[in-house]
Each structure stands twice: as C-alpha cells, then as structure tokens.
$ cat coords04.cif   # mmCIF, C-alpha atoms (C1' of nucleotides)
data_input
#
loop_
_atom_site.label_atom_id
_atom_site.label_comp_id
_atom_site.auth_asym_id
_atom_site.auth_seq_id
_atom_site.Cartn_x
_atom_site.Cartn_y
_atom_site.Cartn_z
CA MET A 1 -15.02 -28.69 22.70
CA THR A 2 -14.51 -26.93 19.39
CA ALA A 3 -14.51 -28.27 15.87
CA ASP A 4 -10.98 -28.81 14.64
CA ILE A 5 -9.62 -26.42 12.07
CA THR A 6 -8.58 -28.00 8.83
CA SER A 7 -6.16 -26.81 6.17
CA THR A 8 -5.94 -23.10 5.38
CA GLU A 9 -9.44 -22.16 6.60
CA THR A 10 -9.53 -18.60 7.88
CA ARG A 11 -11.18 -17.71 11.15
CA PRO A 12 -13.78 -14.94 11.33
CA LEU A 13 -11.57 -12.06 12.19
CA ALA A 14 -13.61 -9.53 14.06
CA GLY A 15 -16.78 -8.40 15.75
CA PRO A 16 -19.74 -6.92 13.87
CA GLU A 17 -18.65 -3.30 14.30
CA VAL A 18 -15.26 -3.98 12.80
CA ARG A 19 -16.89 -5.86 9.94
CA LEU A 20 -19.14 -2.88 9.25
CA TRP A 21 -16.14 -0.59 9.28
CA LEU A 22 -14.22 -2.85 6.93
CA ARG A 23 -17.13 -2.95 4.56
CA LEU A 24 -17.31 0.83 4.53
CA LEU A 25 -13.58 1.05 3.95
CA THR A 26 -13.54 -1.55 1.20
CA CYS A 27 -16.46 0.01 -0.59
CA THR A 28 -14.89 3.46 -0.54
CA ASN A 29 -11.49 2.18 -1.62
CA GLU A 30 -13.00 0.35 -4.54
CA ILE A 31 -14.75 3.45 -5.86
CA GLU A 32 -11.76 5.65 -5.15
CA GLY A 33 -9.42 3.26 -6.95
CA GLU A 34 -11.70 3.00 -9.95
CA LEU A 35 -12.02 6.79 -10.27
CA ARG A 36 -8.27 7.20 -9.80
CA ARG A 37 -7.54 4.69 -12.56
CA ARG A 38 -9.98 6.32 -14.95
CA LEU A 39 -8.71 9.83 -14.24
CA ARG A 40 -5.18 8.68 -14.88
CA GLN A 41 -5.97 6.79 -18.07
CA SER A 42 -8.33 9.34 -19.59
CA PHE A 43 -6.80 12.60 -18.44
CA ASP A 44 -3.41 11.78 -16.93
CA VAL A 45 -4.46 13.49 -13.72
CA THR A 46 -4.45 12.26 -10.13
CA LEU A 47 -7.37 12.34 -7.72
CA PRO A 48 -5.75 14.87 -5.35
CA ARG A 49 -5.04 17.25 -8.22
CA PHE A 50 -8.59 16.92 -9.48
CA ASP A 51 -9.87 17.59 -5.97
CA PHE A 52 -7.61 20.63 -5.68
CA LEU A 53 -8.91 22.04 -8.98
CA ALA A 54 -12.51 21.32 -7.93
CA GLN A 55 -12.06 23.38 -4.79
CA LEU A 56 -10.76 26.32 -6.79
CA ASP A 57 -13.44 26.03 -9.45
CA ARG A 58 -16.17 26.75 -6.94
CA ALA A 59 -14.31 29.72 -5.47
CA PRO A 60 -14.01 32.36 -8.16
CA GLU A 61 -12.02 34.65 -5.87
CA GLY A 62 -9.48 31.93 -5.21
CA LEU A 63 -8.50 30.30 -1.93
CA THR A 64 -5.57 30.44 0.46
CA MET A 65 -3.39 27.41 1.07
CA GLY A 66 -4.94 27.05 4.51
CA GLN A 67 -8.48 27.05 3.14
CA LEU A 68 -7.51 24.46 0.56
CA SER A 69 -5.92 22.33 3.25
CA ARG A 70 -9.05 22.49 5.41
CA ASN A 71 -11.46 21.91 2.52
CA MET A 72 -9.49 18.92 1.29
CA MET A 73 -8.97 17.67 4.85
CA VAL A 74 -5.25 17.11 4.41
CA THR A 75 -2.20 18.69 6.01
CA ASN A 76 -0.75 22.03 5.01
CA GLY A 77 2.42 20.42 3.76
CA ASN A 78 0.41 18.18 1.52
CA VAL A 79 -1.28 20.99 -0.39
CA THR A 80 2.06 22.71 -0.81
CA GLY A 81 3.31 19.74 -2.82
CA ILE A 82 0.20 19.39 -4.94
CA ALA A 83 0.12 23.12 -5.63
CA GLU A 84 3.75 22.97 -6.69
CA ARG A 85 2.96 20.42 -9.38
CA LEU A 86 -0.25 22.07 -10.55
CA ALA A 87 1.58 25.39 -10.87
CA ALA A 88 4.31 23.68 -12.91
CA GLU A 89 1.58 22.40 -15.23
CA GLY A 90 0.22 25.92 -15.58
CA LEU A 91 -3.20 25.06 -14.16
CA ILE A 92 -3.08 27.30 -11.11
CA GLU A 93 -1.49 30.56 -10.09
CA ARG A 94 -0.19 31.58 -6.68
CA LYS A 95 0.23 35.19 -5.65
CA ASN A 96 0.83 36.94 -2.36
CA SER A 97 -2.26 38.30 -0.73
CA PRO A 98 -2.27 42.08 -0.77
CA GLY A 99 -3.18 42.51 2.90
CA ASP A 100 -1.36 39.72 4.69
CA LYS A 101 2.11 38.76 3.49
CA ARG A 102 1.84 35.36 5.16
CA THR A 103 -1.04 34.08 3.08
CA VAL A 104 -0.98 32.91 -0.51
CA ARG A 105 -3.96 33.31 -2.80
CA VAL A 106 -4.39 30.49 -5.28
CA THR A 107 -6.55 30.77 -8.39
CA LEU A 108 -7.22 28.72 -11.49
CA THR A 109 -5.60 29.88 -14.70
CA ASP A 110 -7.82 29.94 -17.78
CA GLU A 111 -6.15 26.71 -18.83
CA GLY A 112 -6.86 25.21 -15.40
CA ARG A 113 -10.49 26.20 -15.45
CA GLU A 114 -10.93 24.78 -18.91
CA ALA A 115 -9.14 21.53 -18.02
CA PHE A 116 -11.23 21.09 -14.91
CA SER A 117 -14.53 21.62 -16.73
CA ARG A 118 -13.59 19.05 -19.31
CA ILE A 119 -12.65 16.46 -16.67
CA ALA A 120 -15.51 17.24 -14.27
CA GLU A 121 -18.14 16.55 -16.86
CA VAL A 122 -16.84 13.07 -17.56
CA HIS A 123 -16.16 12.44 -13.88
CA HIS A 124 -19.75 13.27 -13.06
CA GLY A 125 -20.92 10.64 -15.52
CA TRP A 126 -18.62 8.04 -14.00
CA VAL A 127 -19.96 8.61 -10.51
CA GLU A 128 -23.54 8.46 -11.79
CA ASP A 129 -22.78 5.12 -13.41
CA LEU A 130 -21.06 3.63 -10.38
CA PHE A 131 -24.11 4.35 -8.20
CA ASP A 132 -26.78 3.54 -10.77
CA GLY A 133 -27.63 0.23 -9.08
CA LEU A 134 -29.25 2.10 -6.21
CA SER A 135 -32.69 3.63 -6.27
CA VAL A 136 -33.24 7.23 -5.28
CA GLU A 137 -34.65 6.05 -1.95
CA GLU A 138 -31.59 3.93 -1.28
CA ARG A 139 -29.29 6.84 -2.06
CA ASP A 140 -31.18 9.11 0.30
CA GLN A 141 -31.08 6.47 2.98
CA LEU A 142 -27.36 5.95 2.50
CA ALA A 143 -26.66 9.68 2.64
CA SER A 144 -28.69 9.96 5.81
CA LEU A 145 -26.95 7.01 7.48
CA LEU A 146 -23.55 8.42 6.57
CA SER A 147 -24.54 11.67 8.26
CA ARG A 148 -25.41 9.68 11.35
CA VAL A 149 -22.01 7.95 11.21
CA LYS A 150 -20.25 11.26 10.81
CA ALA A 151 -22.07 12.66 13.82
CA SER A 152 -21.25 9.61 15.88
CA VAL A 153 -17.59 9.82 14.95
CA ALA A 154 -17.51 13.55 15.69
CA ASN A 155 -18.72 12.74 19.20
CA HIS A 156 -15.48 10.91 19.83
CA THR A 157 -13.09 13.25 18.08
CA GLU A 158 -14.31 16.80 18.65
CA ASP A 159 -11.94 17.14 21.62
CA ARG A 160 -9.00 17.29 19.19
CA ALA A 161 -10.60 20.29 17.46
CA GLU A 162 -8.18 23.04 18.48
CA MET B 163 -31.57 35.51 -15.33
CA THR B 164 -29.46 34.38 -12.37
CA ALA B 165 -28.90 35.97 -9.00
CA ASP B 166 -25.55 37.73 -8.84
CA ILE B 167 -22.79 36.10 -6.87
CA THR B 168 -21.40 38.14 -4.03
CA SER B 169 -18.04 37.97 -2.26
CA THR B 170 -16.46 34.58 -1.57
CA GLU B 171 -19.70 32.60 -1.64
CA THR B 172 -19.09 29.10 -2.99
CA ARG B 173 -21.31 27.62 -5.66
CA PRO B 174 -22.86 24.17 -5.20
CA LEU B 175 -20.23 22.09 -6.86
CA ALA B 176 -21.86 18.96 -8.12
CA GLY B 177 -24.89 16.82 -8.76
CA PRO B 178 -26.49 14.63 -6.13
CA GLU B 179 -24.52 11.49 -7.05
CA VAL B 180 -21.22 13.28 -6.64
CA ARG B 181 -22.40 14.71 -3.33
CA LEU B 182 -23.28 11.23 -2.11
CA TRP B 183 -19.88 9.97 -3.18
CA LEU B 184 -18.12 12.85 -1.44
CA ARG B 185 -20.05 12.16 1.73
CA LEU B 186 -19.03 8.52 1.62
CA LEU B 187 -15.42 9.48 1.01
CA THR B 188 -15.35 12.11 3.75
CA CYS B 189 -16.94 9.81 6.26
CA THR B 190 -14.48 7.01 5.56
CA ASN B 191 -11.48 9.33 5.59
CA GLU B 192 -12.51 10.74 8.93
CA ILE B 193 -12.71 7.34 10.57
CA GLU B 194 -9.56 6.12 8.87
CA GLY B 195 -7.65 9.20 9.98
CA GLU B 196 -8.85 8.89 13.54
CA LEU B 197 -7.87 5.22 13.75
CA ARG B 198 -4.51 5.95 12.14
CA ARG B 199 -3.77 8.71 14.65
CA ARG B 200 -4.74 6.52 17.60
CA LEU B 201 -2.73 3.56 16.36
CA ARG B 202 0.29 5.74 15.95
CA GLN B 203 -0.02 7.47 19.31
CA SER B 204 -0.90 4.40 21.36
CA PHE B 205 1.13 1.72 19.63
CA ASP B 206 3.46 3.45 17.20
CA VAL B 207 2.06 1.35 14.39
CA THR B 208 0.60 2.34 11.03
CA LEU B 209 -2.75 1.24 9.63
CA PRO B 210 -1.23 -0.79 6.76
CA ARG B 211 1.02 -2.68 9.16
CA PHE B 212 -1.89 -3.40 11.46
CA ASP B 213 -3.90 -4.63 8.49
CA PHE B 214 -1.01 -6.81 7.37
CA LEU B 215 -0.74 -8.39 10.82
CA ALA B 216 -4.52 -8.88 10.97
CA GLN B 217 -4.45 -10.87 7.74
CA LEU B 218 -1.75 -13.15 9.10
CA ASP B 219 -3.44 -13.56 12.46
CA ARG B 220 -6.43 -15.24 10.89
CA ALA B 221 -4.29 -17.54 8.75
CA PRO B 222 -2.38 -19.86 11.10
CA GLU B 223 -0.61 -21.51 8.16
CA GLY B 224 0.66 -18.18 6.91
CA LEU B 225 0.01 -16.48 3.59
CA THR B 226 1.96 -15.81 0.41
CA MET B 227 2.79 -12.28 -0.69
CA GLY B 228 0.22 -12.60 -3.47
CA GLN B 229 -2.53 -13.64 -1.07
CA LEU B 230 -1.66 -10.75 1.21
CA SER B 231 -1.73 -8.36 -1.73
CA ARG B 232 -5.16 -9.59 -2.82
CA ASN B 233 -6.62 -9.64 0.70
CA MET B 234 -5.40 -6.14 1.41
CA MET B 235 -6.40 -4.96 -2.05
CA VAL B 236 -3.11 -3.25 -2.78
CA THR B 237 -0.36 -3.88 -5.30
CA ASN B 238 2.30 -6.56 -4.97
CA GLY B 239 5.02 -4.00 -4.67
CA ASN B 240 3.20 -2.37 -1.81
CA VAL B 241 3.14 -5.46 0.39
CA THR B 242 6.81 -6.03 -0.33
CA GLY B 243 7.64 -2.74 1.33
CA ILE B 244 5.38 -3.26 4.33
CA ALA B 245 6.69 -6.80 4.82
CA GLU B 246 10.23 -5.47 4.71
CA ARG B 247 9.56 -3.15 7.62
CA LEU B 248 7.54 -5.66 9.65
CA ALA B 249 10.31 -8.22 9.23
CA ALA B 250 12.85 -5.67 10.40
CA GLU B 251 10.72 -5.17 13.51
CA GLY B 252 10.71 -8.92 14.09
CA LEU B 253 6.93 -9.24 13.85
CA ILE B 254 6.78 -11.49 10.79
CA GLU B 255 8.92 -14.17 9.18
CA ARG B 256 9.37 -14.89 5.47
CA LYS B 257 10.53 -18.22 4.18
CA ASN B 258 10.61 -19.88 0.79
CA SER B 259 7.74 -22.20 0.10
CA PRO B 260 8.93 -25.82 -0.06
CA GLY B 261 7.11 -26.70 -3.28
CA ASP B 262 7.33 -23.54 -5.39
CA LYS B 263 10.52 -21.50 -5.28
CA ARG B 264 8.70 -18.42 -6.59
CA THR B 265 6.35 -18.01 -3.66
CA VAL B 266 7.17 -16.69 -0.22
CA ARG B 267 5.31 -17.89 2.86
CA VAL B 268 4.81 -15.22 5.49
CA THR B 269 3.91 -16.02 9.10
CA LEU B 270 3.61 -14.10 12.36
CA THR B 271 6.42 -14.53 14.85
CA ASP B 272 5.39 -15.11 18.46
CA GLU B 273 6.20 -11.48 19.09
CA GLY B 274 4.08 -10.47 16.12
CA ARG B 275 1.11 -12.53 17.25
CA GLU B 276 1.33 -11.11 20.74
CA ALA B 277 1.67 -7.52 19.50
CA PHE B 278 -1.31 -7.92 17.21
CA SER B 279 -3.54 -9.34 19.94
CA ARG B 280 -2.72 -6.47 22.22
CA ILE B 281 -3.49 -3.86 19.56
CA ALA B 282 -6.54 -5.60 18.11
CA GLU B 283 -8.34 -5.64 21.43
CA VAL B 284 -8.03 -1.88 21.86
CA HIS B 285 -8.74 -1.26 18.18
CA HIS B 286 -11.97 -3.20 18.45
CA GLY B 287 -13.08 -0.95 21.29
CA TRP B 288 -12.28 2.16 19.27
CA VAL B 289 -14.38 1.04 16.34
CA GLU B 290 -17.25 0.13 18.66
CA ASP B 291 -17.11 3.63 20.12
CA LEU B 292 -16.95 5.43 16.81
CA PHE B 293 -20.13 3.69 15.63
CA ASP B 294 -22.00 3.78 18.94
CA GLY B 295 -24.29 6.58 17.78
CA LEU B 296 -26.07 4.16 15.43
CA SER B 297 -28.69 1.65 16.49
CA VAL B 298 -28.37 -1.99 15.54
CA GLU B 299 -31.01 -1.47 12.88
CA GLU B 300 -29.15 1.45 11.40
CA ARG B 301 -25.94 -0.56 11.28
CA ASP B 302 -27.65 -3.42 9.51
CA GLN B 303 -29.21 -1.00 7.07
CA LEU B 304 -25.87 0.65 6.39
CA ALA B 305 -24.14 -2.68 5.87
CA SER B 306 -26.84 -3.74 3.47
CA LEU B 307 -26.72 -0.50 1.49
CA LEU B 308 -22.93 -0.74 1.24
CA SER B 309 -23.34 -4.20 -0.23
CA ARG B 310 -25.69 -2.74 -2.79
CA VAL B 311 -23.13 -0.05 -3.62
CA LYS B 312 -20.41 -2.63 -3.96
CA ALA B 313 -22.54 -4.67 -6.33
CA SER B 314 -23.38 -1.61 -8.38
CA VAL B 315 -19.73 -0.65 -8.64
CA ALA B 316 -18.74 -4.19 -9.56
CA ASN B 317 -21.16 -3.98 -12.49
CA HIS B 318 -18.99 -1.27 -13.97
CA THR B 319 -15.57 -2.67 -13.16
CA GLU B 320 -15.76 -6.44 -13.52
CA ASP B 321 -14.39 -6.19 -17.06
CA ARG B 322 -10.96 -5.31 -15.64
CA ALA B 323 -10.97 -8.59 -13.68
CA GLU B 324 -8.32 -10.49 -15.58
"C1'" DT C 325 13.97 -31.72 -23.42
"C1'" DG C 326 13.98 -27.31 -24.27
"C1'" DG C 327 11.71 -23.29 -24.99
"C1'" DC C 328 7.93 -20.25 -23.95
"C1'" DG C 329 3.84 -18.23 -22.00
"C1'" DA C 330 2.16 -17.87 -17.31
"C1'" DT C 331 2.73 -16.90 -12.49
"C1'" DA C 332 5.06 -14.83 -8.14
"C1'" DT C 333 7.64 -11.45 -6.51
"C1'" DT C 334 10.82 -7.44 -6.30
"C1'" DT C 335 12.52 -3.18 -8.03
"C1'" DT C 336 12.04 1.50 -9.65
"C1'" DA C 337 10.31 6.09 -10.34
"C1'" DA C 338 7.00 9.26 -9.25
"C1'" DG C 339 3.71 11.06 -6.41
"C1'" DC C 340 0.76 11.32 -2.09
"C1'" DT C 341 0.55 11.81 2.95
"C1'" DT C 342 1.63 12.76 7.60
"C1'" DA C 343 3.88 14.79 11.72
"C1'" DA C 344 7.08 17.75 13.28
"C1'" DA C 345 10.30 21.37 12.82
"C1'" DA C 346 11.50 25.63 10.61
"C1'" DT C 347 10.44 30.17 8.62
"C1'" DA C 348 7.98 34.31 8.13
"C1'" DT C 349 4.61 37.57 9.21
"C1'" DC C 350 0.95 39.50 12.04
"C1'" DG C 351 -1.05 42.15 15.66
"C1'" DC C 352 -1.63 43.11 20.35
"C1'" DG C 353 -0.36 44.56 25.05
"C1'" DG C 354 2.73 47.03 27.64
"C1'" DC D 355 7.45 50.91 19.29
"C1'" DC D 356 8.87 46.48 20.62
"C1'" DG D 357 8.63 41.86 21.85
"C1'" DC D 358 6.03 37.76 21.86
"C1'" DG D 359 2.40 34.44 21.23
"C1'" DA D 360 -0.50 33.36 17.33
"C1'" DT D 361 -1.18 32.39 12.53
"C1'" DA D 362 0.17 30.92 7.56
"C1'" DT D 363 3.02 28.39 5.05
"C1'" DT D 364 7.05 25.57 3.67
"C1'" DT D 365 10.45 22.16 4.60
"C1'" DT D 366 11.96 17.65 6.03
"C1'" DA D 367 12.05 12.78 6.97
"C1'" DA D 368 9.71 8.70 6.79
"C1'" DG D 369 6.42 5.82 5.03
"C1'" DC D 370 2.52 4.46 1.83
"C1'" DT D 371 0.92 3.68 -2.91
"C1'" DT D 372 0.74 2.87 -7.71
"C1'" DA D 373 2.14 1.43 -12.40
"C1'" DA D 374 5.45 -0.49 -15.02
"C1'" DA D 375 9.61 -2.91 -15.76
"C1'" DA D 376 12.68 -6.49 -14.25
"C1'" DT D 377 13.73 -11.05 -12.30
"C1'" DA D 378 12.95 -15.72 -11.29
"C1'" DT D 379 10.61 -19.91 -11.46
"C1'" DC D 380 7.03 -23.01 -13.11
"C1'" DG D 381 4.80 -26.23 -16.05
"C1'" DC D 382 3.27 -27.52 -20.37
"C1'" DC D 383 3.71 -29.04 -25.03
"C1'" DA D 384 5.83 -29.88 -29.29
#

$ encode --input "coords04.cif" --output "structure tokens"
Amino acid sequence: MTADITSTETRPLAGPEVRLWLRLLTCTNEIEGELRRRLRQSFDVTLPRFDFLAQLDRAPEGLTMGQLSRNMMVTNGNVTGIAERLAAEGLIERKNSPGDKRTVRVTLTDEGREAFSRIAEVHHGWVEDLFDGLSVEERDQLASLLSRVKASVANHTEDRAE
Amino acid sequence: MTADITSTETRPLAGPEVRLWLRLLTCTNEIEGELRRRLRQSFDVTLPRFDFLAQLDRAPEGLTMGQLSRNMMVTNGNVTGIAERLAAEGLIERKNSPGDKRTVRVTLTDEGREAFSRIAEVHHGWVEDLFDGLSVEERDQLASLLSRVKASVANHTEDRAE
DNA sequence: TGGCGATATTTTAAGCTTAAAATATCGCGG
DNA sequence: CCGCGATATTTTAAGCTTAAAATATCGCCA
C-alpha cells in the first residue's frame, strides 16, 4: 500500500502548522545566535546583558527590578543574576528606592551608558544588514503578520495573566 | 529644539529594523515559552528533550550525536547532556557504531517512541491552536517571508560555514 | 607502517533560565 | 496599632547553552 522506505530517509515530521512554527523558531534562533556571537567577539558582552542595558538606556530615571523583569520578559530571579554581573562590571548601579524599601532602583553608570551607546550603534548596523534582503514592503508585511501571530497566541494564553 | 522629556516616559529605542527584529524575537519567545510551560505541566518534559525525541522519531535507523547536534542546531556538548538525561529516563539508547568507534548511534527505546507519540499528538494540537487566528493565506505569506529572512541572514553568515 | 591532520564526541567552566521557596516590606481593615 | 494578604526581590536547585579544551579514533600518505 505504501512505498517502502529505504536507507536513512527521514519521514516528513509534522503538519503544516508545526512546520510554520519550526520555521519561525529556526529563523529567530539563527539571527539570535549570529548577534550573540558578534556581541561576544566584538564587545565581550552577552545578549541578555545588552538587552538589560538597552532597557535602562531608554529610561533615564532608572527602572526597578520588577520593571526590568517584565520588559525583558524573563523571571525576577533571572534579572537578579544579570544585574549582579553588570554591577560587578561597574555598568549599572542599584540603590534602594526612597519611598518603598522593597523596591530597587537600577540606573546606568556613566561607564554603562557610554558602553551601551558604543555597542548599540554597531548592533544597529548588524541588524540592518541581516534584514537587507527584504524590501520595505516585505518588512512591513512581516511586522504586520507577526502582530497577527502575537494576537492569536494571546488569545490562548491571556487566561494565565494574573 | 526638542520637546522636553517628562517623568518616566521612555524614548523610542531603535530604528525600524531593530524594531522588526525585536518583534520577531518577542513573538517567538512567547510561543516558545507557552509550549515549554505546557510541556512541563502536562508531560513533565522540556522542549529540548521533546525536540531530541522528535529528531529520533523520524529516523528509524537512529542518528549519531553529530547529526543530532546539527539537526537541532546546538553544540555537540549540548546534545551530550540532553542525551545523558534521556538515557537515564530510559527513553533512548546509545550504542557504539559497528564501523567507526568514534561515533555513537542513538535510537529511541520502545518506551521513548511511545512517549513521544503521546506528547507529539497533543503538541500538534497546541501549535494549531496558537496559530488559528491566521488564515491559510496569511500562514503561507508568513512562511514565505521567513524564508526570505533566512536567505538574507545566510548572505551575511555563510562565511562562517566551515 | 607510523605519524599526523581530520573527525566525533565528551568534558569543563561560565553564564542564562525557570519554577518554587524564602525573605522582606507594604498598606489596609479591624 | 496590629496582623495579614499582597507585593518586590532574592535564593535555590535543576537544567539548558555555549565556547574551548581534552580525548579518542580514523584514514591517508610518505
């Protein structure tokens, strides 16, 4: 009834939705890995640390650990570890909030702000390059489709929201 | 010359390419996180282990550690660790290749094959659900655009290919 | 045939990540 | 004012991930 399978041939592993998901995942991982490698080689910095600094750079007043955790979409414990290392490098500063003794206010040091600017400029160029095979229309279309995906996903996850 | 910045307002952090990249990353992370959470809660299995089993399921003859590493797009050392834990759970088997003493041939045990089938069926439904807000046309368009992205990225990374 | 570059894998050290438990503080209702 | 649920953060244990070094085997070629 079916053709016989020869040698090490691989079977098609999944339905079309799973294939779409795998393509999305692969694509993202490839870009993420490439940026991670370049950040490490050029600046000896990791992607999470760069992300952490980026969050602070756009918040002149600083951010609390909780805000950082939500912005970066990682757990509280995670940001604690990253902050620990960035503080040891002298790139950020943590001080108790005046009003609420529970919260910590994190800010960039001058050194941190300067380091981030230097890296961000090059990083921006990398991202431009990686996407330069797409026309402006294609980029807009992709952004719009990703919004649609995000909305669709939110439909199935919003219940976990508090 | 510029409007003054008030309170904790955040500045727009990046150019349009970086925003597109962040949207792609966020979208992928959201889906990945949701699937990871569900796999853990429903089956007490991690995403990497599920991926590892999926690779083996479509290769009846088994795979070597190197093939697994390439298919999963992670380092050799990484698959060693995952294989260690899956073997401890009795889901996979590792034996020396007959011809080449350097290579290891990994196969699913009966238990592993059965466990994977059970999980894969539910997983497939989850992915279908998460993407059900998109029409067939939108999915095709997204898949096609992701291919274009992948090609564009490859243009800037293929030099590292050996 | 014997050594040497190439290939396959594991090991190691460091860091990222999560979930869950622990700690500390807040602020409200009685 | 006092206790208690809520909020902010850190700690802990386990696992994932990478890059680089170490180990082992292969196969060629001089």

$ resolve_selection --input "coords04.cif" --expression "the PyMOL selection byres ((chain D) within 12 of (chain B))" --output "JSON list (two decimals) with C-alpha atoms (C1' of nucleotides), in the frame of the given file"
[["chain", "number", "residue", "atom", "x", "y", "z"],
["D", 368, "DA", "C1'", 9.71, 8.70, 6.79],
["D", 369, "DG", "C1'", 6.42, 5.82, 5.03],
["D", 370, "DC", "C1'", 2.52, 4.46, 1.83],
["D", 371, "DT", "C1'", 0.92, 3.68, -2.91],
["D", 372, "DT", "C1'", 0.74, 2.87, -7.71],
["D", 373, "DA", "C1'", 2.14, 1.43, -12.40],
["D", 374, "DA", "C1'", 5.45, -0.49, -15.02],
["D", 377, "DT", "C1'", 13.73, -11.05, -12.30],
["D", 378, "DA", "C1'", 12.95, -15.72, -11.29],
["D", 379, "DT", "C1'", 10.61, -19.91, -11.46],
["D", 380, "DC", "C1'", 7.03, -23.01, -13.11],
["D", 381, "DG", "C1'", 4.80, -26.23, -16.05]]

$ atom_distance --input "coords04.cif" --atom1 "CA of Ala115 (chain A)" --atom2 "CA of Leu184 (chain B)"
20.8 Å

$ closest_residue --input "coords04.cif" --among "B:Arg181, B:Arg211, B:Arg275, B:Arg256" --to "chain A" --atoms "only C-alpha atoms"
B:Arg181

$ interface_residues --input "coords04.cif" --of "chain C" --to "chain A" --cutoff "7 Å" --atoms "only C-alpha atoms (C1' of nucleotides)" --output "PyMOL selection string"
chain C and resi 341+348-349

$ closest_atom_pairs --input "coords04.cif" --of "chain B" --to "chain A" --cutoff "8 Å" --atoms "only C-alpha atoms" --output "tab-separated table"
residue	atom	partner	partner_atom	distance
B:Ser169	CA	A:Glu61	CA	7.8
B:Thr170	CA	A:Glu61	CA	6.2
B:Glu171	CA	A:Ala59	CA	7.2
B:Thr172	CA	A:Ala59	CA	5.4
B:Arg173	CA	A:Arg58	CA	5.4
B:Pro174	CA	A:Arg58	CA	7.4
B:Leu175	CA	A:Arg58	CA	6.2
B:Ala176	CA	A:His124	CA	7.8
B:Gly177	CA	A:His124	CA	7.6
B:Glu179	CA	A:Glu128	CA	5.7
B:Val180	CA	A:Val127	CA	6.2
B:Leu182	CA	A:Ala143	CA	6.0
B:Trp183	CA	A:Val127	CA	7.5
B:Arg185	CA	A:Leu146	CA	7.0
B:Leu186	CA	A:Leu146	CA	6.7
B:Leu187	CA	A:Thr28	CA	6.2
B:Cys189	CA	A:Lys150	CA	5.8
B:Thr190	CA	A:Leu25	CA	6.2
B:Glu192	CA	A:Val153	CA	7.9
B:Ile193	CA	A:Val153	CA	7.0
B:Glu196	CA	A:Thr157	CA	7.6
B:Ala216	CA	A:Leu13	CA	7.8
B:Arg220	CA	A:Arg11	CA	5.4
B:Ala221	CA	A:Thr10	CA	5.4
B:Pro222	CA	A:Thr8	CA	7.5
B:Glu223	CA	A:Thr8	CA	6.2
B:His286	CA	A:Val18	CA	6.6
B:Val289	CA	A:Val18	CA	6.2
B:Glu290	CA	A:Glu17	CA	5.7
B:Asp291	CA	A:His156	CA	7.5
B:Leu292	CA	A:Val153	CA	4.8
B:Phe293	CA	A:Ser152	CA	6.0
B:Asp294	CA	A:Ser152	CA	6.6
B:Gly295	CA	A:Ser152	CA	4.7
B:Leu296	CA	A:Arg148	CA	6.9
B:Glu300	CA	A:Leu145	CA	7.1
B:Arg301	CA	A:Leu20	CA	7.5
B:Leu304	CA	A:Leu145	CA	6.5
B:Ala305	CA	A:Leu20	CA	6.0
B:Leu307	CA	A:Leu142	CA	6.6
B:Leu308	CA	A:Leu24	CA	6.7
B:Ser309	CA	A:Arg23	CA	7.9
B:Arg310	CA	A:Leu134	CA	6.9
B:Val311	CA	A:Phe131	CA	6.4
B:Lys312	CA	A:Cys27	CA	5.8
B:Ala313	CA	A:Gly133	CA	7.6
B:Ser314	CA	A:Gly133	CA	4.7
B:Val315	CA	A:Leu130	CA	4.8
B:Asn317	CA	A:Leu130	CA	7.9
B:His318	CA	A:Leu130	CA	6.4
B:Thr319	CA	A:Glu34	CA	7.6

$ atom_distance --input "coords04.cif" --atom1 "CA of Phe43 (chain A)" --atom2 "CA of Glu89 (chain A)"
13.3 Å

$ atom_distance --input "coords04.cif" --atom1 "CA of Thr107 (chain A)" --atom2 "CA of Glu93 (chain A)"
5.3 Å

$ residues_around --input "coords04.cif" --residues "DC383 (chain D)" --least-positions-apart "6" --cutoff "12 Å" --atoms "all atoms listed in the file" --output "list in words"
DT325, DG326, DG327, DC328 and DG329 of chain C

$ decode --input "coords04.cif" --residues "region 11-25 of chain A" --atoms "C-alpha atoms" --output "JSON list (two decimals), in the first residue's frame"
[["chain", "number", "residue", "atom", "x", "y", "z"],
["A", 11, "ARG", "CA", 9.88, 10.96, 7.13],
["A", 12, "PRO", "CA", 8.10, 14.33, 7.00],
["A", 13, "LEU", "CA", 7.77, 15.00, 10.65],
["A", 14, "ALA", "CA", 4.79, 17.21, 11.17],
["A", 15, "GLY", "CA", 1.72, 19.02, 9.93],
["A", 16, "PRO", "CA", 1.85, 22.43, 8.24],
["A", 17, "GLU", "CA", 1.28, 24.42, 11.43],
["A", 18, "VAL", "CA", 4.19, 22.76, 13.16],
["A", 19, "ARG", "CA", 6.35, 23.35, 10.11],
["A", 20, "LEU", "CA", 5.46, 27.03, 10.17],
["A", 21, "TRP", "CA", 6.31, 27.19, 13.85],
["A", 22, "LEU", "CA", 9.62, 25.44, 13.30],
["A", 23, "ARG", "CA", 10.49, 27.84, 10.53],
["A", 24, "LEU", "CA", 9.75, 30.79, 12.79],
["A", 25, "LEU", "CA", 11.83, 29.26, 15.56]]
